Amino acid sequence: MTEQNSCRVLIVGAGSMGLVVGYILSLAKAEVTFLVRPHREEELKRPQVLYSYDDNQLKTYTDYKHITDPSKIIGADYDYIFVTLDAHALRSEVGLSLVKMIGDAVRGTQTKVVLATAFIDLRSWFIEVSGISGDQVTYGLLLIHAYAPRAVTLPLHEGTDSTLLEQADQAYRDTLGPGFIVDDSSPAVAEGFAELYNASGLSTCVVMPAAQLAVFGIPLFPVFAACDLLGWPKYEEIDSMGEVWNLAVEAAREIQGLSILGEPGQKAAATITGTGLAAQFAGMEKQMLPLDYSAFNKYHHGGKVNVQDRELLNACVSYGEAEGKTMSALKELIKRVESQ
């Protein structure tokens, strides 16, 4: 029996990301179990309905289990534990207890961990707190954009079936290339998970060098902060020569220059421009249609994970100061966001 049709996966969290990834892995014949808080249990007793902006159809997700007691993961012998909690929740007191529990479950086993939580140098922190061997842990970034339509109403664009959307528990768009990226910090974990994910036939996962993935993801967060200050305009309407936008560009350049991002970061810092960054986001905005990209980011980064985003930016300041850098643009950007 191959890995993909015998694989047991625990997904920590059953929010939008967890449910969409769980559905994809179920198509790869993985046995998926969600670890959720007790208040989510009743909802998960019924099938979950997913709306795909990609083909304008509903998907019914039934083939999963769920547990609410973290201690049940001890001795469960999962092949993968996939962590979806945002960094603020993961690094909270409750989150720390959970990370230590995962460590107890994984140490001395063949279980592998995939961290799909946005934060700088999260893998090192997770390994230290959990006590898990580094060759069992890798980091990933989800490029699928998913949300709960009952939590927020996004603007409708041509090609969206509003009747179907209203029936969905989650909605998603997978159009930015791969749906998921894992870094090569633990090659065996990354390659094994990518093989499993790709067996779904619905979405794709690629492996990327760790520093390159960090350069790809972390410097986006000053852009979200600038958009918050600007009132979340359409990206095609952003003044690429404006003061706030260029403050964000300089902040992104400071992050790219951190030693933890290595040579890829140095190269990115030397080439980033306000015009180029604005064009990049405007291009993604068009590619994401009919999902409204700027409205999605307003909901997600302007509200849902706003605390995580600010903690990430402040962590970048700390990393820079430890290297003797002033991080003046990033500090000013954070100051403005926190004072509004």
# chains A, B, ... in the order shown; residues from 1 in each chain; ligands from 1
$ closest_atom_pairs --of "segment 125-160 of chain A" --to "segment 88-104 of chain A" --cutoff "9 Å" --atoms "only C-alpha atoms" --output "JSON lines"
{"residue": "A:Phe126", "atom": "CA", "partner": "A:Val99", "partner_atom": "CA", "distance": 7.3}
{"residue": "A:Ile127", "atom": "CA", "partner": "A:Gly103", "partner_atom": "CA", "distance": 8.5}
{"residue": "A:Val129", "atom": "CA", "partner": "A:Lys100", "partner_atom": "CA", "distance": 6.5}
{"residue": "A:Ser130", "atom": "CA", "partner": "A:Gly103", "partner_atom": "CA", "distance": 4.3}
{"residue": "A:Gly131", "atom": "CA", "partner": "A:Gly103", "partner_atom": "CA", "distance": 5.8}
{"residue": "A:Ile132", "atom": "CA", "partner": "A:Gly103", "partner_atom": "CA", "distance": 5.6}
$ select_by_dssp --residues "segment 183-271 of chain A" --states "helix (DSSP H, G or I)" --output "mmCIF file with C-alpha atoms, in the first residue's frame"
data_model
loop_
_atom_site.group_PDB
_atom_site.id
_atom_site.type_symbol
_atom_site.label_atom_id
_atom_site.label_comp_id
_atom_site.auth_asym_id
_atom_site.auth_seq_id
_atom_site.Cartn_x
_atom_site.Cartn_y
_atom_site.Cartn_z
ATOM 1 C CA PRO A 187 13.842 17.495 2.877
ATOM 2 C CA ALA A 188 12.338 14.114 3.710
ATOM 3 C CA VAL A 189 9.317 15.705 5.412
ATOM 4 C CA ALA A 190 8.859 18.231 2.609
ATOM 5 C CA GLU A 191 9.131 15.709 -0.212
ATOM 6 C CA GLY A 192 6.881 13.173 1.501
ATOM 7 C CA PHE A 193 4.169 15.716 2.234
ATOM 8 C CA ALA A 194 4.357 17.177 -1.276
ATOM 9 C CA GLU A 195 3.909 13.678 -2.722
ATOM 10 C CA LEU A 196 0.863 13.085 -0.541
ATOM 11 C CA TYR A 197 -0.689 16.490 -1.336
ATOM 12 C CA ASN A 198 -0.089 16.145 -5.068
ATOM 13 C CA ALA A 210 13.845 27.707 3.137
ATOM 14 C CA ALA A 211 15.377 31.165 2.728
ATOM 15 C CA GLN A 212 13.641 31.618 -0.618
ATOM 16 C CA LEU A 213 10.247 30.798 0.892
ATOM 17 C CA ALA A 214 10.850 33.210 3.767
ATOM 18 C CA VAL A 215 11.756 35.955 1.280
ATOM 19 C CA PHE A 216 8.606 35.154 -0.668
ATOM 20 C CA GLY A 217 6.265 35.338 2.325
ATOM 21 C CA LEU A 220 4.415 40.809 2.274
ATOM 22 C CA PHE A 221 3.331 41.838 5.745
ATOM 23 C CA PRO A 222 4.495 45.480 5.535
ATOM 24 C CA VAL A 223 2.286 45.698 2.433
ATOM 25 C CA PHE A 224 -0.736 44.548 4.434
ATOM 26 C CA ALA A 225 0.106 47.143 7.097
ATOM 27 C CA ALA A 226 0.302 49.888 4.459
ATOM 28 C CA CYS A 227 -3.014 48.802 2.956
ATOM 29 C CA ASP A 228 -4.551 49.038 6.409
ATOM 30 C CA LEU A 229 -3.308 52.625 6.702
ATOM 31 C CA LEU A 230 -4.601 53.425 3.210
ATOM 32 C CA TYR A 235 -4.251 47.378 -5.623
ATOM 33 C CA GLU A 236 -4.523 48.784 -9.125
ATOM 34 C CA GLU A 237 -5.479 52.119 -7.543
ATOM 35 C CA GLU A 243 4.642 58.143 1.013
ATOM 36 C CA VAL A 244 2.849 55.344 2.881
ATOM 37 C CA TRP A 245 3.425 52.827 0.110
ATOM 38 C CA ASN A 246 7.110 53.643 -0.114
ATOM 39 C CA LEU A 247 7.417 53.422 3.662
ATOM 40 C CA ALA A 248 6.118 49.863 3.325
ATOM 41 C CA VAL A 249 8.581 49.151 0.510
ATOM 42 C CA GLU A 250 11.467 50.348 2.653
ATOM 43 C CA ALA A 251 10.185 48.272 5.586
ATOM 44 C CA ALA A 252 10.024 45.225 3.322
ATOM 45 C CA ARG A 253 13.581 45.954 2.175
ATOM 46 C CA GLU A 254 14.734 46.056 5.805
ATOM 47 C CA ILE A 255 13.138 42.655 6.446
ATOM 48 C CA GLN A 256 14.645 41.196 3.275
ATOM 49 C CA SER A 259 20.662 37.717 7.870
ATOM 50 C CA ILE A 260 18.130 34.951 8.542
ATOM 51 C CA LEU A 261 16.863 35.421 4.949
ATOM 52 C CA GLY A 262 20.354 34.863 3.567
ATOM 53 C CA GLU A 263 21.492 35.638 0.042
ATOM 54 C CA PRO A 264 17.980 35.434 -1.470
ATOM 55 C CA GLY A 265 16.927 38.215 0.889
ATOM 56 C CA GLN A 266 19.902 40.379 -0.015
ATOM 57 C CA LYS A 267 19.140 40.007 -3.710
ATOM 58 C CA ALA A 268 15.457 40.821 -3.175
ATOM 59 C CA ALA A 269 16.334 43.887 -1.090
ATOM 60 C CA ALA A 270 18.524 45.194 -3.906
ATOM 61 C CA THR A 271 15.767 44.957 -6.511
#
$ atom_distance --atom1 "atom CA of Met288 of chain A" --atom2 "atom CA of Ala146 of chain A"
11.6 Å
$ atom_distance --atom1 "atom CA of Phe296 of chain A" --atom2 "atom CA of Arg173 of chain A"
10.9 Å
$ atom_distance --atom1 "atom CA of Lys335 of chain A" --atom2 "atom CA of Gly302 of chain A"
15.7 Å
$ closest_residue --among "A:Tyr147, A:Ala315, A:Leu258, A:Thr326" --to "Tyr293 of chain A" --atoms "only C-alpha atoms"
A:Tyr147
$ residues_around --residues "segment 56-64 of chain A" --least-positions-apart "6" --cutoff "12 Å" --atoms "only C-alpha atoms" --output "number ranges by chain"
A: 8-11, 14, 18-35, 44-50, 158-174, 202, 289-291
$ select_by_dssp --residues "segment 66-118 of chain A" --states "strand (DSSP E)" --output "NGL selection string"
:A and (66-67 or 80-83 or 112-115)
$ write_last_selection --atoms "C-alpha atoms" --output "CSV table (one decimal), in the first residue's frame"
chain,number,residue,atom,x,y,z
A,66,HIS,CA,-12.4,15.0,14.8
A,67,ILE,CA,-11.2,15.1,18.4
A,80,TYR,CA,1.8,13.9,9.7
A,81,ILE,CA,0.6,16.6,12.0
A,82,PHE,CA,-0.4,19.7,10.1
A,83,VAL,CA,-0.5,22.9,12.2
A,112,LYS,CA,6.4,14.4,10.8
A,113,VAL,CA,5.2,18.0,11.4
A,114,VAL,CA,4.3,20.6,8.9
A,115,LEU,CA,3.9,24.2,10.2
$ closest_residue --among "A:Ala322, A:Val307, A:Ala329, A:Leu176" --to "Gln287 of chain A" --atoms "only C-alpha atoms"
A:Leu176
$ closest_residue --among "A:Thr84, A:Ala105, A:Glu41, A:Asp79" --to "Lys65 of chain A" --atoms "only C-alpha atoms"
A:Glu41
$ residues_around --residues "Leu313 of chain A" --least-positions-apart "4" --cutoff "9 Å" --atoms "only C-alpha atoms" --output "CSV table (one decimal) with N, CA and C atoms, in the first residue's frame"
chain,number,residue,atom,x,y,z
A,119,PHE,N,5.0,33.2,10.4
A,119,PHE,CA,5.8,33.9,11.4
A,119,PHE,C,7.2,33.8,11.0
A,120,ILE,N,8.1,34.7,11.4
A,120,ILE,CA,9.5,34.6,11.1
A,120,ILE,C,10.2,33.6,12.0
A,218,ILE,N,7.4,36.5,4.1
A,218,ILE,CA,7.5,37.5,5.2
A,218,ILE,C,7.4,38.9,4.8
A,221,PHE,N,4.1,41.3,4.6
A,221,PHE,CA,3.3,41.8,5.7
A,221,PHE,C,3.4,43.4,5.9
A,222,PRO,N,4.5,44.0,5.6
A,222,PRO,CA,4.5,45.5,5.5
A,222,PRO,C,3.5,46.0,4.5
A,255,ILE,N,13.4,44.1,6.1
A,255,ILE,CA,13.1,42.7,6.4
A,255,ILE,C,13.9,41.7,5.5
A,308,GLN,N,-1.6,38.7,15.0
A,308,GLN,CA,-0.5,37.9,14.5
A,308,GLN,C,0.4,38.7,13.6
A,309,ASP,N,-0.2,39.5,12.7
A,309,ASP,CA,0.6,40.3,11.7
A,309,ASP,C,1.5,41.3,12.4
A,317,VAL,N,11.5,43.4,13.8
A,317,VAL,CA,12.3,44.5,14.4
A,317,VAL,C,13.3,44.0,15.3
A,318,SER,N,12.9,43.1,16.2
A,318,SER,CA,13.8,42.5,17.2
A,318,SER,C,15.0,41.8,16.5
A,330,LEU,N,10.4,50.1,9.3
A,330,LEU,CA,9.5,49.2,9.8
A,330,LEU,C,8.9,49.7,11.2
A,331,LYS,N,9.8,50.3,12.0
A,331,LYS,CA,9.3,50.8,13.3
A,331,LYS,C,8.3,51.9,13.1
A,334,ILE,N,4.9,50.3,11.9
A,334,ILE,CA,4.3,49.7,13.1
A,334,ILE,C,3.6,50.8,13.9
